[in-house]
>>> print(open('structure.cif').read())   # mmCIF, C-alpha atoms
data_model
#
loop_
_atom_site.label_atom_id
_atom_site.label_comp_id
_atom_site.auth_asym_id
_atom_site.auth_seq_id
_atom_site.Cartn_x
_atom_site.Cartn_y
_atom_site.Cartn_z
CA MET A 1 -75.61 -81.88 108.47
CA ALA A 2 -72.50 -79.96 109.27
CA LEU A 3 -72.01 -76.24 109.06
CA ARG A 4 -71.06 -75.36 105.52
CA GLU A 5 -67.50 -74.25 105.17
CA GLY A 6 -66.85 -70.87 103.63
CA LEU A 7 -70.32 -69.56 104.38
CA ARG A 8 -71.12 -67.01 107.01
CA VAL A 9 -72.05 -68.94 110.13
CA ASP A 10 -73.53 -68.08 113.47
CA VAL A 11 -72.93 -70.25 116.52
CA LEU A 12 -76.55 -69.75 117.54
CA GLU A 13 -77.43 -71.99 114.60
CA LEU A 14 -75.74 -74.80 116.48
CA LEU A 15 -78.39 -74.58 119.17
CA GLU A 16 -81.13 -74.94 116.58
CA ARG A 17 -79.38 -77.71 114.73
CA HIS A 18 -78.87 -79.84 117.83
CA PRO A 19 -81.88 -79.18 120.07
CA GLY A 20 -81.69 -82.54 121.85
CA ALA A 21 -78.01 -82.27 122.71
CA TRP A 22 -78.46 -78.69 123.82
CA ARG A 23 -81.43 -79.50 125.98
CA GLY A 24 -79.36 -82.18 127.70
CA ALA A 25 -76.65 -79.63 128.41
CA SER A 26 -78.88 -76.86 129.68
CA ARG A 27 -81.81 -78.60 131.40
CA HIS A 28 -81.57 -81.30 134.02
CA PRO A 29 -83.58 -82.74 136.90
CA LEU A 30 -80.79 -81.52 139.20
CA LEU A 31 -81.62 -77.96 138.17
CA ASP A 32 -85.35 -78.53 138.58
CA ALA A 33 -84.68 -79.88 142.06
CA VAL A 34 -82.60 -76.79 142.89
CA ARG A 35 -85.58 -74.68 141.83
CA GLU A 36 -88.11 -76.76 143.76
CA GLY A 37 -85.99 -77.49 146.81
CA THR A 38 -86.28 -81.25 146.35
CA LEU A 39 -82.61 -82.01 145.88
CA ALA A 40 -81.29 -85.11 147.63
CA THR A 41 -78.89 -84.52 150.50
CA GLY A 42 -75.34 -84.19 149.25
CA ALA A 43 -76.12 -83.65 145.57
CA PHE A 44 -75.45 -79.93 145.52
CA GLU A 45 -72.33 -80.34 147.62
CA THR A 46 -71.01 -83.02 145.27
CA TRP A 47 -71.73 -80.84 142.28
CA LEU A 48 -70.13 -77.76 143.83
CA ALA A 49 -66.91 -79.52 144.79
CA GLN A 50 -66.56 -81.01 141.29
CA ASP A 51 -67.41 -77.69 139.65
CA HIS A 52 -64.67 -76.04 141.71
CA LEU A 53 -62.19 -78.50 140.18
CA PHE A 54 -63.67 -77.83 136.75
CA VAL A 55 -63.36 -74.04 137.12
CA ALA A 56 -59.66 -74.42 137.93
CA ASP A 57 -59.22 -76.55 134.77
CA LEU A 58 -61.18 -74.00 132.78
CA LEU A 59 -58.90 -71.19 133.96
CA VAL A 60 -55.86 -73.03 132.59
CA PHE A 61 -57.63 -73.78 129.29
CA GLN A 62 -58.80 -70.21 128.90
CA SER A 63 -55.41 -68.69 129.62
CA ARG A 64 -53.83 -70.85 126.91
CA LEU A 65 -56.64 -69.89 124.55
CA LEU A 66 -55.95 -66.22 125.32
CA ALA A 67 -52.28 -66.79 124.51
CA ARG A 68 -53.26 -67.59 120.91
CA ALA A 69 -56.33 -65.38 120.55
CA PRO A 70 -56.49 -62.61 117.96
CA ARG A 71 -56.08 -59.11 119.34
CA SER A 72 -59.81 -58.45 118.96
CA ASP A 73 -60.67 -61.23 121.45
CA GLN A 74 -58.02 -60.48 124.06
CA ALA A 75 -60.23 -58.15 126.09
CA VAL A 76 -63.20 -60.52 126.45
CA LEU A 77 -60.93 -63.46 127.30
CA ALA A 78 -58.79 -61.51 129.76
CA GLY A 79 -61.90 -60.10 131.45
CA GLY A 80 -63.20 -63.65 131.64
CA LEU A 81 -59.96 -64.86 133.24
CA VAL A 82 -60.29 -62.31 136.01
CA ALA A 83 -63.92 -63.33 136.54
CA VAL A 84 -63.12 -67.05 136.54
CA GLU A 85 -60.31 -66.53 139.04
CA ALA A 86 -62.68 -64.53 141.25
CA GLU A 87 -65.19 -67.36 140.87
CA LEU A 88 -62.68 -69.78 142.38
CA GLY A 89 -62.38 -67.49 145.38
CA TRP A 90 -66.16 -67.22 145.64
CA PHE A 91 -66.53 -71.01 145.64
CA GLU A 92 -64.00 -71.26 148.44
CA GLU A 93 -65.76 -68.58 150.46
CA LYS A 94 -69.21 -70.15 150.02
CA ALA A 95 -67.91 -73.64 150.71
CA GLY A 96 -66.40 -72.32 153.93
CA GLU A 97 -69.69 -70.72 154.96
CA CYS A 98 -71.74 -73.81 154.14
CA GLY A 99 -69.25 -76.29 155.52
CA ILE A 100 -68.73 -77.97 152.14
CA LYS A 101 -65.45 -79.79 151.67
CA LEU A 102 -63.88 -78.79 148.34
CA GLU A 103 -60.88 -81.09 148.59
CA THR A 104 -62.26 -84.10 146.84
CA PRO A 105 -61.01 -86.61 144.28
CA ARG A 106 -61.73 -85.72 140.69
CA HIS A 107 -64.82 -87.62 139.50
CA PRO A 108 -64.28 -89.46 136.18
CA THR A 109 -66.72 -87.04 134.53
CA THR A 110 -64.71 -84.04 135.72
CA ALA A 111 -61.54 -85.77 134.57
CA ALA A 112 -63.08 -86.43 131.15
CA TYR A 113 -63.99 -82.76 130.87
CA ARG A 114 -60.43 -81.74 131.70
CA ASP A 115 -59.05 -84.19 129.13
CA PHE A 116 -61.36 -82.71 126.52
CA LEU A 117 -60.15 -79.18 127.33
CA ILE A 118 -56.52 -80.28 127.12
CA ALA A 119 -57.15 -81.97 123.76
CA LEU A 120 -58.81 -78.77 122.50
CA GLU A 121 -55.49 -76.97 122.89
CA HIS A 122 -54.34 -78.87 119.82
CA GLU A 123 -57.40 -77.85 117.84
CA SER A 124 -57.98 -74.62 115.96
CA TYR A 125 -58.70 -71.42 117.83
CA ALA A 126 -62.19 -71.45 116.27
CA ALA A 127 -62.95 -74.82 117.89
CA GLY A 128 -61.59 -73.61 121.23
CA ILE A 129 -63.55 -70.37 121.35
CA THR A 130 -66.72 -72.13 120.17
CA ALA A 131 -66.36 -74.69 122.96
CA LEU A 132 -65.76 -71.95 125.54
CA TRP A 133 -68.85 -70.08 124.37
CA ALA A 134 -70.92 -73.29 124.41
CA LEU A 135 -69.95 -74.28 127.93
CA GLU A 136 -70.57 -70.81 129.37
CA ARG A 137 -73.84 -70.50 127.48
CA ALA A 138 -74.97 -73.92 128.75
CA TYR A 139 -74.10 -72.88 132.30
CA LEU A 140 -76.06 -69.63 131.98
CA GLU A 141 -79.12 -71.29 130.45
CA ALA A 142 -79.01 -74.14 132.94
CA TRP A 143 -79.01 -71.84 135.95
CA ARG A 144 -81.68 -69.66 134.40
CA SER A 145 -83.84 -72.79 134.25
CA ALA A 146 -83.35 -73.16 138.02
CA ALA A 147 -84.22 -69.51 138.78
CA PRO A 148 -85.09 -68.08 141.17
CA GLY A 149 -84.14 -71.22 143.07
CA HIS A 150 -85.29 -72.63 146.36
CA PRO A 151 -84.26 -70.29 149.24
CA ASP A 152 -81.46 -72.71 150.15
CA TYR A 153 -79.84 -72.17 146.76
CA ARG A 154 -81.14 -68.76 145.74
CA GLU A 155 -77.84 -66.97 146.29
CA PHE A 156 -76.03 -69.47 144.07
CA VAL A 157 -78.61 -69.30 141.29
CA GLY A 158 -78.54 -65.48 141.41
CA HIS A 159 -74.75 -65.49 141.19
CA TRP A 160 -74.77 -67.65 138.04
CA THR A 161 -77.45 -65.70 136.20
CA THR A 162 -76.26 -62.09 136.55
CA PRO A 163 -76.59 -59.65 133.62
CA GLU A 164 -72.78 -59.31 133.67
CA PHE A 165 -72.41 -63.02 133.08
CA ALA A 166 -74.95 -62.84 130.24
CA ASP A 167 -72.94 -59.96 128.69
CA TYR A 168 -69.81 -62.05 128.92
CA VAL A 169 -71.51 -64.97 127.15
CA ALA A 170 -72.65 -62.53 124.45
CA GLY A 171 -69.04 -61.34 124.08
CA LEU A 172 -67.86 -64.94 123.63
CA GLU A 173 -70.57 -65.50 121.04
CA LYS A 174 -69.28 -62.54 119.03
CA ALA A 175 -65.71 -63.85 119.28
CA ALA A 176 -66.76 -67.36 118.20
CA ASN A 177 -68.67 -65.97 115.25
CA SER A 178 -65.72 -63.94 114.01
CA ALA A 179 -63.41 -66.94 114.38
CA LEU A 180 -65.81 -69.05 112.31
CA ASP A 181 -66.21 -66.26 109.77
CA SER A 182 -62.52 -66.06 109.09
CA GLY A 183 -61.64 -69.73 108.99
CA SER A 184 -62.63 -73.05 107.55
CA GLU A 185 -62.87 -74.83 110.88
CA ALA A 186 -66.64 -74.94 111.14
CA GLU A 187 -66.83 -78.72 111.29
CA ARG A 188 -64.33 -79.01 114.10
CA ALA A 189 -66.11 -76.22 115.96
CA GLU A 190 -69.39 -78.06 115.59
CA ALA A 191 -67.82 -81.28 116.86
CA ALA A 192 -66.44 -79.40 119.88
CA PHE A 193 -69.88 -77.92 120.49
CA LEU A 194 -71.45 -81.37 120.54
CA GLU A 195 -68.81 -82.71 122.86
CA VAL A 196 -69.37 -79.81 125.26
CA ALA A 197 -73.11 -80.50 125.20
CA GLN A 198 -72.52 -84.13 126.13
CA LEU A 199 -70.01 -83.29 128.88
CA GLU A 200 -72.32 -80.67 130.36
CA ARG A 201 -75.14 -83.22 130.49
CA ASP A 202 -72.83 -85.75 132.12
CA PHE A 203 -71.73 -83.15 134.63
CA TRP A 204 -75.27 -82.46 135.86
CA GLU A 205 -75.96 -86.18 135.87
CA MET A 206 -72.84 -86.99 137.90
CA ALA A 207 -74.00 -85.22 141.05
CA PHE A 208 -77.62 -86.22 140.57
CA SER A 209 -77.03 -89.93 140.11
CA ALA A 210 -74.34 -90.05 142.83
CA SER A 211 -76.84 -88.74 145.37
CA ARG A 212 -79.62 -91.05 144.19
CA THR A 213 -77.42 -94.05 144.63
CA GLY A 214 -76.43 -92.89 148.07
CA GLY A 215 -72.87 -91.69 147.32
CA ASN A 216 -71.89 -88.06 147.60
CA GLY A 217 -68.51 -87.81 146.03
CA MET B 218 -32.67 -58.52 149.56
CA SER B 219 -35.40 -59.86 147.29
CA LEU B 220 -34.34 -61.41 144.00
CA ALA B 221 -36.31 -58.82 142.00
CA LYS B 222 -34.49 -56.02 143.80
CA ALA B 223 -31.12 -57.73 143.38
CA LEU B 224 -31.70 -58.19 139.65
CA TRP B 225 -32.73 -54.57 139.23
CA GLU B 226 -29.63 -53.37 141.09
CA GLU B 227 -27.45 -55.67 139.03
CA ASN B 228 -28.80 -53.94 135.92
CA THR B 229 -28.71 -50.31 137.03
CA ASP B 230 -25.97 -49.75 134.45
CA LEU B 231 -28.48 -50.49 131.68
CA ALA B 232 -31.24 -48.54 133.43
CA ARG B 233 -28.88 -45.55 133.51
CA VAL B 234 -28.12 -45.95 129.80
CA ALA B 235 -31.86 -46.08 129.09
CA LEU B 236 -32.48 -42.95 131.14
CA GLU B 237 -29.77 -41.07 129.24
CA HIS B 238 -30.83 -42.48 125.88
CA ARG B 239 -31.72 -39.74 123.39
CA PHE B 240 -35.20 -41.22 122.92
CA VAL B 241 -35.99 -41.02 126.64
CA ARG B 242 -34.16 -37.70 127.10
CA ASP B 243 -36.07 -36.05 124.24
CA LEU B 244 -39.31 -37.64 125.38
CA GLY B 245 -38.71 -36.10 128.80
CA ASN B 246 -38.02 -32.60 127.49
CA GLY B 247 -40.74 -32.77 124.85
CA THR B 248 -38.41 -32.40 121.85
CA LEU B 249 -38.74 -35.95 120.49
CA PRO B 250 -39.83 -35.81 116.84
CA LEU B 251 -43.47 -36.80 116.59
CA GLU B 252 -42.63 -39.41 113.93
CA SER B 253 -40.31 -41.19 116.36
CA PHE B 254 -43.00 -41.21 119.01
CA LYS B 255 -45.63 -42.52 116.61
CA GLU B 256 -43.31 -45.32 115.61
CA TYR B 257 -42.70 -46.12 119.26
CA VAL B 258 -46.45 -46.25 120.01
CA ALA B 259 -47.12 -48.50 117.03
CA GLN B 260 -44.28 -50.89 117.86
CA ASP B 261 -45.21 -50.89 121.53
CA ALA B 262 -48.80 -51.87 120.71
CA PHE B 263 -47.50 -54.86 118.75
CA PHE B 264 -45.18 -55.68 121.64
CA LEU B 265 -47.91 -55.43 124.30
CA GLU B 266 -50.06 -57.91 122.44
CA SER B 267 -47.28 -60.47 122.86
CA PHE B 268 -46.75 -59.35 126.43
CA ALA B 269 -50.38 -60.26 127.15
CA ARG B 270 -49.89 -63.68 125.54
CA ALA B 271 -46.82 -64.32 127.70
CA TYR B 272 -48.80 -63.48 130.85
CA ALA B 273 -51.53 -65.88 129.74
CA LEU B 274 -49.00 -68.68 129.28
CA ALA B 275 -47.55 -68.01 132.72
CA LEU B 276 -51.04 -68.06 134.21
CA ALA B 277 -51.72 -71.47 132.70
CA ARG B 278 -48.65 -72.83 134.46
CA SER B 279 -49.11 -71.12 137.81
CA PRO B 280 -48.57 -73.65 140.54
CA ASP B 281 -50.80 -71.93 143.11
CA ARG B 282 -53.81 -69.71 143.66
CA GLU B 283 -51.75 -66.56 144.22
CA GLY B 284 -50.27 -66.99 140.75
CA LEU B 285 -53.70 -67.42 139.19
CA ARG B 286 -54.91 -64.27 140.92
CA ASP B 287 -51.91 -62.08 140.14
CA PHE B 288 -51.37 -63.18 136.55
CA SER B 289 -55.07 -62.79 135.70
CA GLY B 290 -54.95 -59.26 137.15
CA LEU B 291 -51.78 -58.45 135.22
CA VAL B 292 -53.06 -59.76 131.91
CA ALA B 293 -56.21 -57.70 132.31
CA GLY B 294 -53.99 -54.70 133.16
CA VAL B 295 -51.91 -55.03 130.01
CA ILE B 296 -55.05 -55.30 127.86
CA GLU B 297 -56.21 -52.03 129.40
CA GLU B 298 -52.84 -50.47 128.65
CA LEU B 299 -53.16 -51.69 125.07
CA GLU B 300 -56.58 -50.11 124.77
CA LEU B 301 -55.13 -46.81 126.02
CA HIS B 302 -52.50 -47.09 123.29
CA GLU B 303 -55.16 -47.71 120.70
CA GLY B 304 -57.07 -44.64 121.84
CA TYR B 305 -53.88 -42.60 121.78
CA ALA B 306 -52.95 -43.93 118.35
CA ALA B 307 -56.40 -43.16 116.96
CA ARG B 308 -56.11 -39.55 118.16
CA ARG B 309 -52.76 -39.23 116.44
CA GLU B 310 -53.74 -41.09 113.31
CA VAL B 311 -51.41 -44.02 113.82
CA GLU B 312 -52.74 -47.15 112.13
CA LEU B 313 -52.00 -49.91 114.65
CA GLY B 314 -53.62 -52.56 112.52
CA GLU B 315 -51.02 -52.02 109.83
CA VAL B 316 -47.93 -52.11 112.02
CA GLU B 317 -45.00 -53.94 110.51
CA PRO B 318 -43.01 -55.08 113.54
CA GLY B 319 -39.40 -53.92 113.37
CA GLU B 320 -36.38 -56.13 114.03
CA ALA B 321 -35.99 -54.90 117.61
CA THR B 322 -39.67 -55.53 118.31
CA LEU B 323 -39.59 -59.02 116.84
CA SER B 324 -36.43 -59.94 118.73
CA TYR B 325 -38.12 -58.88 121.93
CA THR B 326 -41.50 -60.60 121.29
CA ASN B 327 -39.81 -63.81 120.10
CA PHE B 328 -37.69 -63.83 123.24
CA LEU B 329 -40.73 -63.27 125.47
CA LEU B 330 -42.92 -65.87 123.82
CA SER B 331 -40.24 -68.53 123.60
CA THR B 332 -39.35 -68.01 127.26
CA ALA B 333 -43.03 -68.17 128.26
CA ALA B 334 -43.61 -71.27 126.12
CA LEU B 335 -40.48 -73.20 127.08
CA GLY B 336 -39.16 -71.71 130.32
CA ASP B 337 -40.64 -72.12 133.75
CA VAL B 338 -42.89 -69.54 135.39
CA GLY B 339 -39.95 -67.97 137.25
CA GLU B 340 -37.97 -67.43 134.05
CA THR B 341 -41.06 -65.98 132.40
CA CYS B 342 -41.36 -63.49 135.26
CA ALA B 343 -37.68 -62.61 134.84
CA ALA B 344 -38.23 -61.99 131.12
CA MET B 345 -41.25 -59.77 131.74
CA THR B 346 -40.23 -57.75 134.77
CA PRO B 347 -37.67 -55.43 133.12
CA CYS B 348 -40.29 -53.96 130.80
CA MET B 349 -42.46 -53.00 133.77
CA ARG B 350 -39.74 -51.96 136.20
CA LEU B 351 -37.75 -49.97 133.63
CA CYS B 352 -40.82 -48.05 132.42
CA ALA B 353 -41.82 -47.29 136.02
CA PHE B 354 -38.26 -46.10 136.73
CA LEU B 355 -38.13 -43.91 133.62
CA GLY B 356 -41.60 -42.47 134.18
CA GLN B 357 -40.93 -41.71 137.84
CA THR B 358 -37.49 -40.20 137.17
CA LEU B 359 -38.77 -37.98 134.37
CA ALA B 360 -41.70 -36.90 136.57
CA GLU B 361 -39.32 -36.03 139.41
CA ARG B 362 -37.28 -33.89 137.04
CA GLY B 363 -40.48 -31.96 136.40
CA TYR B 364 -42.70 -31.52 133.38
CA ASP B 365 -45.63 -29.38 132.31
CA GLU B 366 -48.99 -30.81 131.46
CA GLY B 367 -48.64 -28.94 128.16
CA ASP B 368 -45.47 -30.87 127.22
CA ALA B 369 -45.81 -32.95 124.09
CA TYR B 370 -45.35 -36.26 125.89
CA ALA B 371 -46.77 -35.41 129.30
CA GLU B 372 -49.32 -38.21 128.95
CA TRP B 373 -46.56 -40.81 128.64
CA ILE B 374 -44.77 -39.51 131.73
CA ARG B 375 -48.01 -39.33 133.69
CA THR B 376 -48.96 -42.91 132.76
CA TYR B 377 -45.66 -44.48 133.73
CA SER B 378 -45.10 -42.40 136.87
CA ASP B 379 -48.59 -43.22 138.13
CA PRO B 380 -48.72 -45.17 141.42
CA GLU B 381 -51.03 -47.66 139.70
CA PHE B 382 -48.31 -48.55 137.22
CA GLU B 383 -45.81 -48.86 140.07
CA ALA B 384 -48.26 -51.27 141.75
CA LEU B 385 -48.39 -53.44 138.60
CA ALA B 386 -44.58 -53.51 138.40
CA ALA B 387 -44.37 -54.42 142.10
CA ARG B 388 -46.94 -57.17 141.63
CA LEU B 389 -44.90 -58.74 138.85
CA GLU B 390 -41.76 -58.43 140.99
CA GLY B 391 -43.65 -60.23 143.76
CA LEU B 392 -44.30 -63.10 141.33
CA LEU B 393 -40.65 -63.11 140.30
CA ASP B 394 -39.64 -63.39 143.96
CA ARG B 395 -42.11 -66.21 144.52
CA TYR B 396 -41.37 -68.35 141.47
CA ALA B 397 -37.81 -67.62 140.34
CA ALA B 398 -34.67 -69.05 141.87
CA ASP B 399 -31.46 -67.07 141.84
CA THR B 400 -29.81 -68.96 138.98
CA PRO B 401 -27.49 -67.87 136.16
CA ASP B 402 -30.34 -68.56 133.70
CA VAL B 403 -32.74 -66.26 135.51
CA ARG B 404 -30.10 -63.53 135.72
CA ALA B 405 -29.32 -63.92 132.01
CA VAL B 406 -32.99 -63.75 131.04
CA TYR B 407 -33.51 -60.58 133.07
CA ARG B 408 -30.46 -58.89 131.57
CA ARG B 409 -31.42 -59.97 128.07
CA ALA B 410 -34.80 -58.28 128.50
CA MET B 411 -33.08 -55.09 129.69
CA ILE B 412 -30.89 -55.09 126.57
CA LEU B 413 -33.94 -55.66 124.37
CA GLU B 414 -35.65 -52.69 126.06
CA LEU B 415 -32.71 -50.48 125.09
CA ALA B 416 -32.74 -51.79 121.52
CA PHE B 417 -36.45 -50.99 121.40
CA PHE B 418 -35.86 -47.33 122.33
CA GLU B 419 -32.99 -47.13 119.89
CA ALA B 420 -35.07 -48.51 117.03
CA SER B 421 -37.90 -46.07 117.76
CA PHE B 422 -35.50 -43.13 117.74
CA GLU B 423 -33.89 -44.15 114.51
CA ALA B 424 -37.18 -44.60 112.67
CA GLU B 425 -37.22 -42.37 109.65
CA PRO B 426 -40.53 -40.85 108.62
CA GLU B 427 -40.53 -42.74 105.33
CA ASP B 428 -40.29 -46.03 107.20
CA LEU B 429 -43.59 -45.47 108.89
CA GLY B 430 -46.63 -47.41 107.83
#
>>> encode(input="structure.cif", output="structure tokens")
Amino acid sequence: MALREGLRVDVLELLERHPGAWRGASRHPLLDAVREGTLATGAFETWLAQDHLFVADLLVFQSRLLARAPRSDQAVLAGGLVAVEAELGWFEEKAGECGIKLETPRHPTTAAYRDFLIALEHESYAAGITALWALERAYLEAWRSAAPGHPDYREFVGHWTTPEFADYVAGLEKAANSALDSGSEAERAEAAFLEVAQLERDFWEMAFSASRTGGNG
Amino acid sequence: MSLAKALWEENTDLARVALEHRFVRDLGNGTLPLESFKEYVAQDAFFLESFARAYALALARSPDREGLRDFSGLVAGVIEELELHEGYAARREVELGEVEPGEATLSYTNFLLSTAALGDVGETCAAMTPCMRLCAFLGQTLAERGYDEGDAYAEWIRTYSDPEFEALAARLEGLLDRYAADTPDVRAVYRRAMILELAFFEASFEAEPEDLG
């Protein structure tokens, strides 16, 4: 059942409507292993290097979304841009400290995510902001499920579960809800939500299965 | 000499005209009619919204990390400036949500957005720099001439003569130097923006009270 057009909608309903897809996006054995300290060698490094590529793609997507955002959403999106840019710097700093090589070929899953974000630029603003909310919310929930994290990863888990990040996700939720309130794009927004859920699941799986099969990038 | 500096020097004739413009002159000595200033604030808020969009488009096309960092800082800066405007407007009962953009405003925002959408990052920087550099120049010059905190438009002078605003202008000029080549197109874009700045002041000054929303 799709969201009904013309009715007041709340993006949180999407989580309830698609519990399986959402669980796939926000829970994963990789995250459990980060919590328990049982992660295979190379898995976290693979994930981090691919996520660094993803964050750079996200920055481009988000800046184009800001370019067409209503005035009321400019502040949350611009604040997010600054945070995402700082996140790139943080990745680089941490990778340097841990000796992780960030220069790596784009995994097909990371490439598919980028293609999805590029395609979203041709969709309505409502679909774009809903997707952005969904991917940030999945990230927050996923890392919360790994909290507090094995000592090896505790700093990372803490960094991705801060109250400031949760506030930002709440701000995106508000923006997505107003976009859906004012338009008739609920079905496209729901489709984008589902696609994000699938891509998020694939993204956790990528690093996990690569390490289990012995590869690390 | 850096390209940003060369472009500014090439356009000092227009900067001088702006400084001597009746809108800026009266703003400086506090005699500008309040209706003209309200119109300016309302039109400027509409303009800044587009200015933020143009920064965002430039960010998306930044070829390197420095561009990502500087453009994201600048877009956040302009949103802050816009929020200051909104606070200012609310105190003076200007309804920003109901602003009908004037011809001068639309010419300027259309120019900015089409340059940002179709031009390269360097041209976008050239289109955006005059707004920042000219306002910093006007604010600093008016401040040097002296003003009292009690003057009607002291807040405007204080904002644009502030070292923080100078730093934002310099940051954008740094991006212009990094991404723009010294081409006739870049020079034309920069000068066009200077002319649109002047038209913007002129339109604000000419606003009649009955035209205001």
>>> closest_residue(input="structure.cif", among="B:Arg350, B:Arg278, B:Arg409, B:Arg362", to="chain A", atoms="only C-alpha atoms")
B:Arg278
>>> closest_atom_pairs(input="structure.cif", of="chain B", to="chain A", cutoff="12 Å", atoms="only C-alpha atoms", output="tab-separated table")
residue	atom	partner	partner_atom	distance
B:Ala262	CA	A:Arg71	CA	10.4
B:Phe263	CA	A:Arg71	CA	9.6
B:Phe264	CA	A:Arg71	CA	11.7
B:Leu265	CA	A:Arg71	CA	10.2
B:Glu266	CA	A:Arg71	CA	6.9
B:Ser267	CA	A:Ala67	CA	8.2
B:Phe268	CA	A:Ala67	CA	9.5
B:Ala269	CA	A:Ala67	CA	7.3
B:Arg270	CA	A:Ala67	CA	4.1
B:Ala271	CA	A:Ala67	CA	6.8
B:Tyr272	CA	A:Ala67	CA	8.0
B:Ala273	CA	A:Ser63	CA	4.8
B:Leu274	CA	A:Arg64	CA	5.8
B:Ala275	CA	A:Ser63	CA	8.5
B:Leu276	CA	A:Ser63	CA	6.4
B:Ala277	CA	A:Val60	CA	4.4
B:Arg278	CA	A:Val60	CA	7.5
B:Ser279	CA	A:Val60	CA	8.7
B:Pro280	CA	A:Val60	CA	10.8
B:Asp281	CA	A:Ala56	CA	10.6
B:Arg282	CA	A:Glu85	CA	8.6
B:Glu283	CA	A:Glu85	CA	10.0
B:Gly284	CA	A:Glu85	CA	10.2
B:Leu285	CA	A:Glu85	CA	6.7
B:Arg286	CA	A:Glu85	CA	6.1
B:Asp287	CA	A:Val82	CA	9.3
B:Phe288	CA	A:Val82	CA	9.0
B:Ser289	CA	A:Val82	CA	5.3
B:Gly290	CA	A:Val82	CA	6.3
B:Leu291	CA	A:Val82	CA	9.4
B:Val292	CA	A:Ala78	CA	6.4
B:Ala293	CA	A:Ala78	CA	5.3
B:Gly294	CA	A:Ala78	CA	9.0
B:Val295	CA	A:Ala78	CA	9.5
B:Ile296	CA	A:Ala75	CA	6.2
B:Glu297	CA	A:Ala75	CA	8.0
B:Glu298	CA	A:Ala75	CA	11.0
B:Leu299	CA	A:Ala75	CA	9.6
B:Glu300	CA	A:Ala75	CA	8.9
B:Glu303	CA	A:Arg71	CA	11.5
B:Leu313	CA	A:Arg71	CA	11.1
B:Gly314	CA	A:Arg71	CA	9.8
B:Leu330	CA	A:Ala67	CA	9.4
B:Ala333	CA	A:Ala67	CA	10.1
B:Ala334	CA	A:Ala67	CA	9.9
>>> atom_distance(input="structure.cif", atom1="atom CA of Phe203 of chain A", atom2="atom CA of Thr109 of chain A")
6.3 Å
>>> residues_around(input="structure.cif", residues="segment 29-40 of chain A", least_positions_apart="2", cutoff="8 Å", atoms="only C-alpha atoms", output="number ranges by chain")
A: 27, 42-44, 142-143, 145-153, 204-205, 207-208, 211-212
>>> write_last_selection(input="structure.cif", atoms="C-alpha atoms", output="PDB file, in the coordinates of the input")
ATOM      1  CA  ARG A  27     -81.810 -78.600 131.400  1.00  0.00           C
ATOM      2  CA  GLY A  42     -75.340 -84.190 149.250  1.00  0.00           C
ATOM      3  CA  ALA A  43     -76.120 -83.650 145.570  1.00  0.00           C
ATOM      4  CA  PHE A  44     -75.450 -79.930 145.520  1.00  0.00           C
ATOM      5  CA  ALA A 142     -79.010 -74.140 132.940  1.00  0.00           C
ATOM      6  CA  TRP A 143     -79.010 -71.840 135.950  1.00  0.00           C
ATOM      7  CA  SER A 145     -83.840 -72.790 134.250  1.00  0.00           C
ATOM      8  CA  ALA A 146     -83.350 -73.160 138.020  1.00  0.00           C
ATOM      9  CA  ALA A 147     -84.220 -69.510 138.780  1.00  0.00           C
ATOM     10  CA  PRO A 148     -85.090 -68.080 141.170  1.00  0.00           C
ATOM     11  CA  GLY A 149     -84.140 -71.220 143.070  1.00  0.00           C
ATOM     12  CA  HIS A 150     -85.290 -72.630 146.360  1.00  0.00           C
ATOM     13  CA  PRO A 151     -84.260 -70.290 149.240  1.00  0.00           C
ATOM     14  CA  ASP A 152     -81.460 -72.710 150.150  1.00  0.00           C
ATOM     15  CA  TYR A 153     -79.840 -72.170 146.760  1.00  0.00           C
ATOM     16  CA  TRP A 204     -75.270 -82.460 135.860  1.00  0.00           C
ATOM     17  CA  GLU A 205     -75.960 -86.180 135.870  1.00  0.00           C
ATOM     18  CA  ALA A 207     -74.000 -85.220 141.050  1.00  0.00           C
ATOM     19  CA  PHE A 208     -77.620 -86.220 140.570  1.00  0.00           C
ATOM     20  CA  SER A 211     -76.840 -88.740 145.370  1.00  0.00           C
ATOM     21  CA  ARG A 212     -79.620 -91.050 144.190  1.00  0.00           C
TER      22      ARG A 212
END
>>> residues_around(input="structure.cif", residues="Leu194 of chain A", least_positions_apart="2", cutoff="12 Å", atoms="all atoms listed in the file", output="number ranges by chain")
A: 2, 11, 14-15, 17-25, 116, 127, 130-131, 134-135, 138, 187-192, 196-201
>>> resolve_selection(input="structure.cif", expression="the PyMOL selection byres ((chain A and resi 102) around 8)", output="short mmCIF file (atom, residue, chain, number, x, y, z; two decimals) with C-alpha atoms, in the frame of the given file")
data_model
loop_
_atom_site.label_atom_id
_atom_site.label_comp_id
_atom_site.auth_asym_id
_atom_site.auth_seq_id
_atom_site.Cartn_x
_atom_site.Cartn_y
_atom_site.Cartn_z
CA LEU A 48 -70.13 -77.76 143.83
CA ALA A 49 -66.91 -79.52 144.79
CA GLN A 50 -66.56 -81.01 141.29
CA HIS A 52 -64.67 -76.04 141.71
CA GLU A 92 -64.00 -71.26 148.44
CA ALA A 95 -67.91 -73.64 150.71
CA ILE A 100 -68.73 -77.97 152.14
CA LYS A 101 -65.45 -79.79 151.67
CA GLU A 103 -60.88 -81.09 148.59
CA THR A 104 -62.26 -84.10 146.84
#
>>> resolve_selection(input="structure.cif", expression="the PyMOL selection byres ((chain B and resi 315) around 12)", output="number ranges by chain")
B: 256, 259-260, 262-263, 306, 310-314, 316-318, 429-430
